[in-house]
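**Student:** Structure provided below as structure tokens; questions to follow.
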Amino acid sequence: MGHAIILGCSHAAGAEMHTDPGLTVKHPVSFGFLNSFPVLIAKQLGYTPQNYAISGGSNDAIFRIFTEQLSRLTVDDIVIACWTGADRTEIWHELDQQWLPISHGQQCFYITRASEYALSGQNYPKMISCHEEYQTYLQQWSKYHVSFQSNKLNKLKNIIALNQMAKEKSIKVINIDSFYPVEANVPWAVQETFCGWADRHGCAKTAWGHYFLDTHQKFADHVLANCEL
């Protein structure tokens with residue numbers, strides 16, 4: 001079988017999974033990217049996972065990365081799109097030549113570099129150029145970008161466009177909502193969001209709302225038991 005292109009936010013990136021008090025993790029930086037629920041789904045289906053998820057990532061980023069990868073995808077590949085919150089976007093940083101995720105929970109912006117496991121980039125302990133100006137922009141964006149309806153429509157646009165473009169090339173898509181569900185007329189792997197499912201089952205989580213390996217594995221099993229491919 002082919003590759004599984006994994007798209008999403010911090011949940012698909014497996015953020016903070018390495019902090020699980022019940023585990024001893026030798027490589028904490030890569031652990032989440034290699035063990036998040038879409039990665040586990042891909043492996044159990046026989047695909048080679050390629051994780052392009054971004055912590056703080058947006059649905060705009062999901063669609064952008066998909067279009068960047070589309071020309072190399074074949075019918076042997078699959079896309080696992082883990083859709084995220086609607087009130088997010090991204091902007092291009094010209095000086096540092098990288099995309100910056102924009103979300104209400106964003107604290108600061110770091111230089112990112114792609115690695116063999118974090119294909120859209122992993123944060124390095126160095127802030128971007130002109131950080132204060134971009135931080136001011138983020139604060140203004142967070143204050144005034146509050147249109148529920150436009151955010152919802154933007155998420156719907158990304159979902160529908162990605163699925164239609166994939167369909168035209170006969171590429172299968174597994175659609176999963178990590179959180180903030182919307183009603184889109186596309187095939188959904190399961191009807192419940194990852195966060196909603198985890199909270200309903202009383203799964204432990206970090207202060208930032210991320211879940212540990214056991215939750216990711218159980219949710220992957222849940223998806224596989226209910227997803228028709």
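Residues are named by chain letter and number: chains run A, B, ... in the order of the structure tokens, numbers start at 1 in each chain, and ligands are numbered from 1 in the order shown.
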Using the chain letters and numbers from this document, which residues of region 28-224 of chain A does DSSP assign to strand (DSSP E), as a PyMOL selection string?
**Tutor:** chain A and resi 48-51+78-83+88-93+98-103+110-113+122-127+172-177
**Student:** Those residues with N, CA and C atoms, as an mmCIF file, in the first residue's frame please?
**Tutor:**
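What follows is the written file selection-v5.cif:
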data_model
loop_
_atom_site.group_PDB
_atom_site.id
_atom_site.type_symbol
_atom_site.label_atom_id
_atom_site.label_comp_id
_atom_site.auth_asym_id
_atom_site.auth_seq_id
_atom_site.Cartn_x
_atom_site.Cartn_y
_atom_site.Cartn_z
ATOM 1 N N THR A 48 2.027 3.843 5.046
ATOM 2 C CA THR A 48 3.184 4.487 5.671
ATOM 3 C C THR A 48 2.790 5.911 6.033
ATOM 4 N N PRO A 49 2.731 6.244 7.332
ATOM 5 C CA PRO A 49 2.263 7.579 7.711
ATOM 6 C C PRO A 49 3.293 8.666 7.430
ATOM 7 N N GLN A 50 2.817 9.796 6.955
ATOM 8 C CA GLN A 50 3.626 10.994 6.780
ATOM 9 C C GLN A 50 2.881 12.129 7.468
ATOM 10 N N ASN A 51 3.414 12.558 8.606
ATOM 11 C CA ASN A 51 2.675 13.470 9.480
ATOM 12 C C ASN A 51 3.004 14.932 9.182
ATOM 13 N N ILE A 78 -3.588 7.652 0.710
ATOM 14 C CA ILE A 78 -4.798 8.058 1.420
ATOM 15 C C ILE A 78 -4.501 9.349 2.183
ATOM 16 N N VAL A 79 -5.527 10.141 2.408
ATOM 17 C CA VAL A 79 -5.409 11.367 3.197
ATOM 18 C C VAL A 79 -6.218 11.188 4.470
ATOM 19 N N ILE A 80 -5.606 11.462 5.608
ATOM 20 C CA ILE A 80 -6.329 11.459 6.883
ATOM 21 C C ILE A 80 -6.385 12.907 7.344
ATOM 22 N N ALA A 81 -7.545 13.531 7.160
ATOM 23 C CA ALA A 81 -7.724 14.945 7.473
ATOM 24 C C ALA A 81 -8.416 15.077 8.826
ATOM 25 N N CYS A 82 -7.671 15.572 9.802
ATOM 26 C CA CYS A 82 -8.196 15.731 11.164
ATOM 27 C C CYS A 82 -8.554 17.207 11.345
ATOM 28 N N TRP A 83 -9.776 17.555 10.998
ATOM 29 C CA TRP A 83 -10.211 18.947 10.958
ATOM 30 C C TRP A 83 -10.240 19.558 12.342
ATOM 31 N N ARG A 88 -9.374 29.753 13.383
ATOM 32 C CA ARG A 88 -7.920 29.698 13.210
ATOM 33 C C ARG A 88 -7.588 30.003 11.754
ATOM 34 N N THR A 89 -6.357 30.427 11.510
ATOM 35 C CA THR A 89 -5.887 30.610 10.149
ATOM 36 C C THR A 89 -4.357 30.568 10.162
ATOM 37 N N GLU A 90 -3.713 31.104 9.153
ATOM 38 C CA GLU A 90 -2.265 31.178 9.106
ATOM 39 C C GLU A 90 -1.851 32.345 8.218
ATOM 40 N N ILE A 91 -0.631 32.838 8.417
ATOM 41 C CA ILE A 91 -0.096 33.902 7.571
ATOM 42 C C ILE A 91 1.337 33.545 7.188
ATOM 43 N N TRP A 92 1.762 34.086 6.066
ATOM 44 C CA TRP A 92 3.096 33.817 5.554
ATOM 45 C C TRP A 92 4.079 34.842 6.108
ATOM 46 N N HIS A 93 5.180 34.364 6.673
ATOM 47 C CA HIS A 93 6.239 35.222 7.205
ATOM 48 C C HIS A 93 7.334 35.324 6.146
ATOM 49 N N GLN A 98 8.318 31.103 6.210
ATOM 50 C CA GLN A 98 7.558 30.020 6.817
ATOM 51 C C GLN A 98 6.147 30.492 7.131
ATOM 52 N N TRP A 99 5.239 29.527 7.221
ATOM 53 C CA TRP A 99 3.868 29.824 7.603
ATOM 54 C C TRP A 99 3.765 29.910 9.120
ATOM 55 N N LEU A 100 2.964 30.847 9.614
ATOM 56 C CA LEU A 100 2.739 31.008 11.042
ATOM 57 C C LEU A 100 1.295 30.651 11.371
ATOM 58 N N PRO A 101 1.075 29.704 12.259
ATOM 59 C CA PRO A 101 -0.302 29.387 12.664
ATOM 60 C C PRO A 101 -0.865 30.505 13.535
ATOM 61 N N ILE A 102 -2.110 30.874 13.254
ATOM 62 C CA ILE A 102 -2.775 31.934 14.003
ATOM 63 C C ILE A 102 -3.979 31.332 14.709
ATOM 64 N N SER A 103 -3.970 31.385 16.042
ATOM 65 C CA SER A 103 -5.098 30.871 16.806
ATOM 66 C C SER A 103 -5.167 31.618 18.132
ATOM 67 N N TYR A 110 7.766 30.663 16.824
ATOM 68 C CA TYR A 110 9.130 30.163 16.757
ATOM 69 C C TYR A 110 9.528 29.832 15.321
ATOM 70 N N ILE A 111 10.813 29.849 15.089
ATOM 71 C CA ILE A 111 11.353 29.322 13.842
ATOM 72 C C ILE A 111 11.021 27.830 13.783
ATOM 73 N N THR A 112 10.613 27.346 12.623
ATOM 74 C CA THR A 112 10.345 25.925 12.460
ATOM 75 C C THR A 112 11.243 25.330 11.392
ATOM 76 N N ARG A 113 11.568 24.065 11.576
ATOM 77 C CA ARG A 113 12.371 23.331 10.610
ATOM 78 C C ARG A 113 11.755 21.946 10.428
ATOM 79 N N GLN A 122 9.045 21.575 12.996
ATOM 80 C CA GLN A 122 9.064 21.449 14.454
ATOM 81 C C GLN A 122 9.655 22.729 15.024
ATOM 82 N N ASN A 123 9.067 23.233 16.109
ATOM 83 C CA ASN A 123 9.573 24.461 16.715
ATOM 84 C C ASN A 123 11.003 24.312 17.221
ATOM 85 N N TYR A 124 11.796 25.345 16.963
ATOM 86 C CA TYR A 124 13.143 25.434 17.517
ATOM 87 C C TYR A 124 13.167 26.562 18.535
ATOM 88 N N PRO A 125 14.066 26.516 19.510
ATOM 89 C CA PRO A 125 14.090 27.546 20.572
ATOM 90 C C PRO A 125 14.649 28.885 20.094
ATOM 91 N N LYS A 126 14.040 29.402 19.027
ATOM 92 C CA LYS A 126 14.429 30.707 18.511
ATOM 93 C C LYS A 126 13.193 31.367 17.925
ATOM 94 N N MET A 127 12.915 32.586 18.361
ATOM 95 C CA MET A 127 11.718 33.278 17.899
ATOM 96 C C MET A 127 11.925 33.845 16.500
ATOM 97 N N LYS A 172 -8.636 8.375 -1.637
ATOM 98 C CA LYS A 172 -9.519 8.212 -0.488
ATOM 99 C C LYS A 172 -9.153 9.199 0.621
ATOM 100 N N VAL A 173 -10.182 9.686 1.306
ATOM 101 C CA VAL A 173 -9.995 10.608 2.423
ATOM 102 C C VAL A 173 -10.716 10.065 3.645
ATOM 103 N N ILE A 174 -10.027 10.029 4.774
ATOM 104 C CA ILE A 174 -10.661 9.752 6.057
ATOM 105 C C ILE A 174 -10.841 11.097 6.750
ATOM 106 N N ASN A 175 -12.082 11.528 6.896
ATOM 107 C CA ASN A 175 -12.397 12.796 7.558
ATOM 108 C C ASN A 175 -12.731 12.551 9.017
ATOM 109 N N ILE A 176 -12.009 13.260 9.893
ATOM 110 C CA ILE A 176 -12.232 13.174 11.333
ATOM 111 C C ILE A 176 -12.240 14.597 11.883
ATOM 112 N N ASP A 177 -13.177 14.906 12.758
ATOM 113 C CA ASP A 177 -13.166 16.199 13.437
ATOM 114 C C ASP A 177 -12.426 16.042 14.768
#
**Student:** Skip Ala13 (chain A) itself and residues of its chain fewer than 5 positions away, then list as a list in words all residues within 10 Å of it, counting only C-alpha atoms.
**Tutor:**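 Result of the neighbour search: Ile6, Leu7, Gly8, Ser30, Phe31, Gly32, Phe33, Leu34, Asn35, Ser36, Phe37, Pro38, Val39, Asn51, Tyr52, Ala53, Ile54, Ser55, Gly56, Gly57, Tyr117 and Ala118 of chain A.
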**Student:** Could you take the residues named above and write them with C-alpha atoms, as a PDB file, in the first residue's frame?
**Tutor:**
ATOM      1  CA  ILE A   6      -1.802  13.152   7.848  1.00  0.00           C
ATOM      2  CA  LEU A   7      -3.170  16.671   8.248  1.00  0.00           C
ATOM      3  CA  GLY A   8      -4.384  18.444  11.360  1.00  0.00           C
ATOM      4  CA  SER A  30       9.202  12.912  18.067  1.00  0.00           C
ATOM      5  CA  PHE A  31       6.948  10.717  20.217  1.00  0.00           C
ATOM      6  CA  GLY A  32       3.645  12.430  19.482  1.00  0.00           C
ATOM      7  CA  PHE A  33       4.232  12.791  15.750  1.00  0.00           C
ATOM      8  CA  LEU A  34       4.922   9.057  15.539  1.00  0.00           C
ATOM      9  CA  ASN A  35       2.080   7.847  17.766  1.00  0.00           C
ATOM     10  CA  SER A  36      -0.942  10.144  17.376  1.00  0.00           C
ATOM     11  CA  PHE A  37      -4.301   8.608  16.505  1.00  0.00           C
ATOM     12  CA  PRO A  38      -4.123   9.269  12.722  1.00  0.00           C
ATOM     13  CA  VAL A  39      -0.656   7.694  12.631  1.00  0.00           C
ATOM     14  CA  ASN A  51       2.675  13.470   9.480  1.00  0.00           C
ATOM     15  CA  TYR A  52       2.154  17.056   8.287  1.00  0.00           C
ATOM     16  CA  ALA A  53       0.141  18.123  11.351  1.00  0.00           C
ATOM     17  CA  ILE A  54       0.904  21.489  12.964  1.00  0.00           C
ATOM     18  CA  SER A  55       0.364  22.396  16.616  1.00  0.00           C
ATOM     19  CA  GLY A  56      -1.987  25.358  16.517  1.00  0.00           C
ATOM     20  CA  GLY A  57      -2.687  24.510  12.886  1.00  0.00           C
ATOM     21  CA  TYR A 117       8.731  12.981  11.552  1.00  0.00           C
ATOM     22  CA  ALA A 118       7.352  16.577  11.659  1.00  0.00           C
TER      23      ALA A 118
END
**Student:** Based on the backbone DSSP call, show me all residues of region 4-175 of chain A assigned alpha helix (DSSP H), as a count of residues only.
**Tutor:** 63
**Student:** Restricting the calculation to only C-alpha atoms, which member of A:Gln97, A:Thr84, A:Thr19, A:Gln69 is positioned closest to Thr193 (chain A)?
**Tutor:**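 Once distances to Thr193 (chain A) are computed over only C-alpha atoms, the minimum belongs to A:Thr84.
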**Student:** Nearest to Asp77 (chain A): which of A:Ala42, A:Ala189, A:Val223, A:Met17 is it, counting only C-alpha atoms?
**Tutor:**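 Of all the options, A:Ala42 lies closest to Asp77 (chain A).
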**Student:** Name the residues in contact with region 209-214 of chain A at a cut-off of 8 Å, using only C-alpha atoms, excluding same-chain residues fewer than 3 positions from it; report them as a list in words.
**Tutor:**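 The residues that qualify are Ser10, His11, Gly14, Ala15, Glu16, Met17, His18, Thr19, Asp20, Asn35, Ser36, Cys203, Ala204, Lys205, Thr206, Gln217 and Lys218 of chain A.
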**Student:** For Cys227 (chain A), which residue among A:Val29, A:Leu162, A:Ala198, A:Val190 is the nearest when counting only C-alpha atoms?
**Tutor:**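 Among the listed residues, A:Val190 lies closest to Cys227 (chain A).
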**Student:** If you count only C-alpha atoms, which residues fall within 6 Å of region 43-47 of chain A, apart from same-chain ones fewer than 4 positions away, as a PDB file with N, CA and C atoms, in the first residue's frame?
**Tutor:**
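Saved as selection.pdb:
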ATOM      1  N   MET A   1       0.846  -1.197   0.000  1.00  0.00           N
ATOM      2  CA  MET A   1       0.000   0.000   0.000  1.00  0.00           C
ATOM      3  C   MET A   1       0.876   1.239   0.000  1.00  0.00           C
ATOM      4  N   GLY A   2       0.234   2.416  -0.146  1.00  0.00           N
ATOM      5  CA  GLY A   2       0.983   3.647  -0.298  1.00  0.00           C
ATOM      6  C   GLY A   2       1.174   4.418   0.996  1.00  0.00           C
ATOM      7  N   HIS A   3       1.160   5.742   0.858  1.00  0.00           N
ATOM      8  CA  HIS A   3       1.394   6.618   2.001  1.00  0.00           C
ATOM      9  C   HIS A   3       0.073   7.179   2.525  1.00  0.00           C
ATOM     10  N   ALA A   4       0.074   7.527   3.786  1.00  0.00           N
ATOM     11  CA  ALA A   4      -1.052   8.220   4.407  1.00  0.00           C
ATOM     12  C   ALA A   4      -0.588   9.627   4.751  1.00  0.00           C
TER      13      ALA A   4
END
**Student:** Any idea what the distance is between CA of Asp96 (chain A) and CA of Ser142 (chain A)?
**Tutor:**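 Straight-line distance from CA of Asp96 (chain A) to CA of Ser142 (chain A) works out to 22.6 Å.
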**Student:** What is the distance between CA of His131 (chain A) and CA of Gln107 (chain A), in Å to one decimal?
**Tutor:**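 Taking CA of His131 (chain A) and CA of Gln107 (chain A), their separation equals 11.3 Å.
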**Student:** Just the number, please: distance in Å from CA of Trp197 (chain A) to CA of Phe219 (chain A), one decimal.
**Tutor:** 7.7 Å
**Student:** Please provide as a PDB file with N, CA and C atoms, in the first residue's frame all residues within 12 Å of Glu132 (chain A), with the sequence filter that same-chain residues fewer than 5 positions apart are discarded (counting only C-alpha atoms).
**Tutor:**
ATOM      1  N   GLN A 107       0.761  31.496  21.837  1.00  0.00           N
ATOM      2  CA  GLN A 107       1.500  32.303  22.800  1.00  0.00           C
ATOM      3  C   GLN A 107       2.620  33.105  22.152  1.00  0.00           C
ATOM      4  N   CYS A 108       3.365  32.469  21.267  1.00  0.00           N
ATOM      5  CA  CYS A 108       4.470  33.133  20.588  1.00  0.00           C
ATOM      6  C   CYS A 108       4.813  32.332  19.334  1.00  0.00           C
ATOM      7  N   PHE A 109       5.677  32.917  18.521  1.00  0.00           N
ATOM      8  CA  PHE A 109       6.029  32.307  17.239  1.00  0.00           C
ATOM      9  C   PHE A 109       7.496  31.908  17.224  1.00  0.00           C
ATOM     10  N   MET A 127      12.915  32.586  18.361  1.00  0.00           N
ATOM     11  CA  MET A 127      11.718  33.278  17.899  1.00  0.00           C
ATOM     12  C   MET A 127      11.925  33.845  16.500  1.00  0.00           C
ATOM     13  N   TYR A 137       0.027  41.721  15.999  1.00  0.00           N
ATOM     14  CA  TYR A 137      -0.973  41.302  15.024  1.00  0.00           C
ATOM     15  C   TYR A 137      -1.851  40.194  15.599  1.00  0.00           C
ATOM     16  N   LEU A 138      -1.233  39.212  16.246  1.00  0.00           N
ATOM     17  CA  LEU A 138      -1.978  38.105  16.839  1.00  0.00           C
ATOM     18  C   LEU A 138      -2.978  38.615  17.873  1.00  0.00           C
ATOM     19  N   GLN A 139      -2.558  39.559  18.699  1.00  0.00           N
ATOM     20  CA  GLN A 139      -3.450  40.100  19.723  1.00  0.00           C
ATOM     21  C   GLN A 139      -4.645  40.814  19.092  1.00  0.00           C
TER      22      GLN A 139
END
**Student:** Counting only C-alpha atoms, which residue out of A:Leu153, A:Ala161, A:Gln106, A:Glu94 sits closest to Thr67 (chain A)?
**Tutor:**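 Smallest distance to Thr67 (chain A) is found for A:Ala161.
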**Student:** Given the choices A:Leu156, A:His201, A:Glu168, A:Asn226, which gets closest to Ala184 (chain A) if the distance is worked out from only C-alpha atoms?
**Tutor:**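 Smallest separation from Ala184 (chain A) among the options: A:Leu156.
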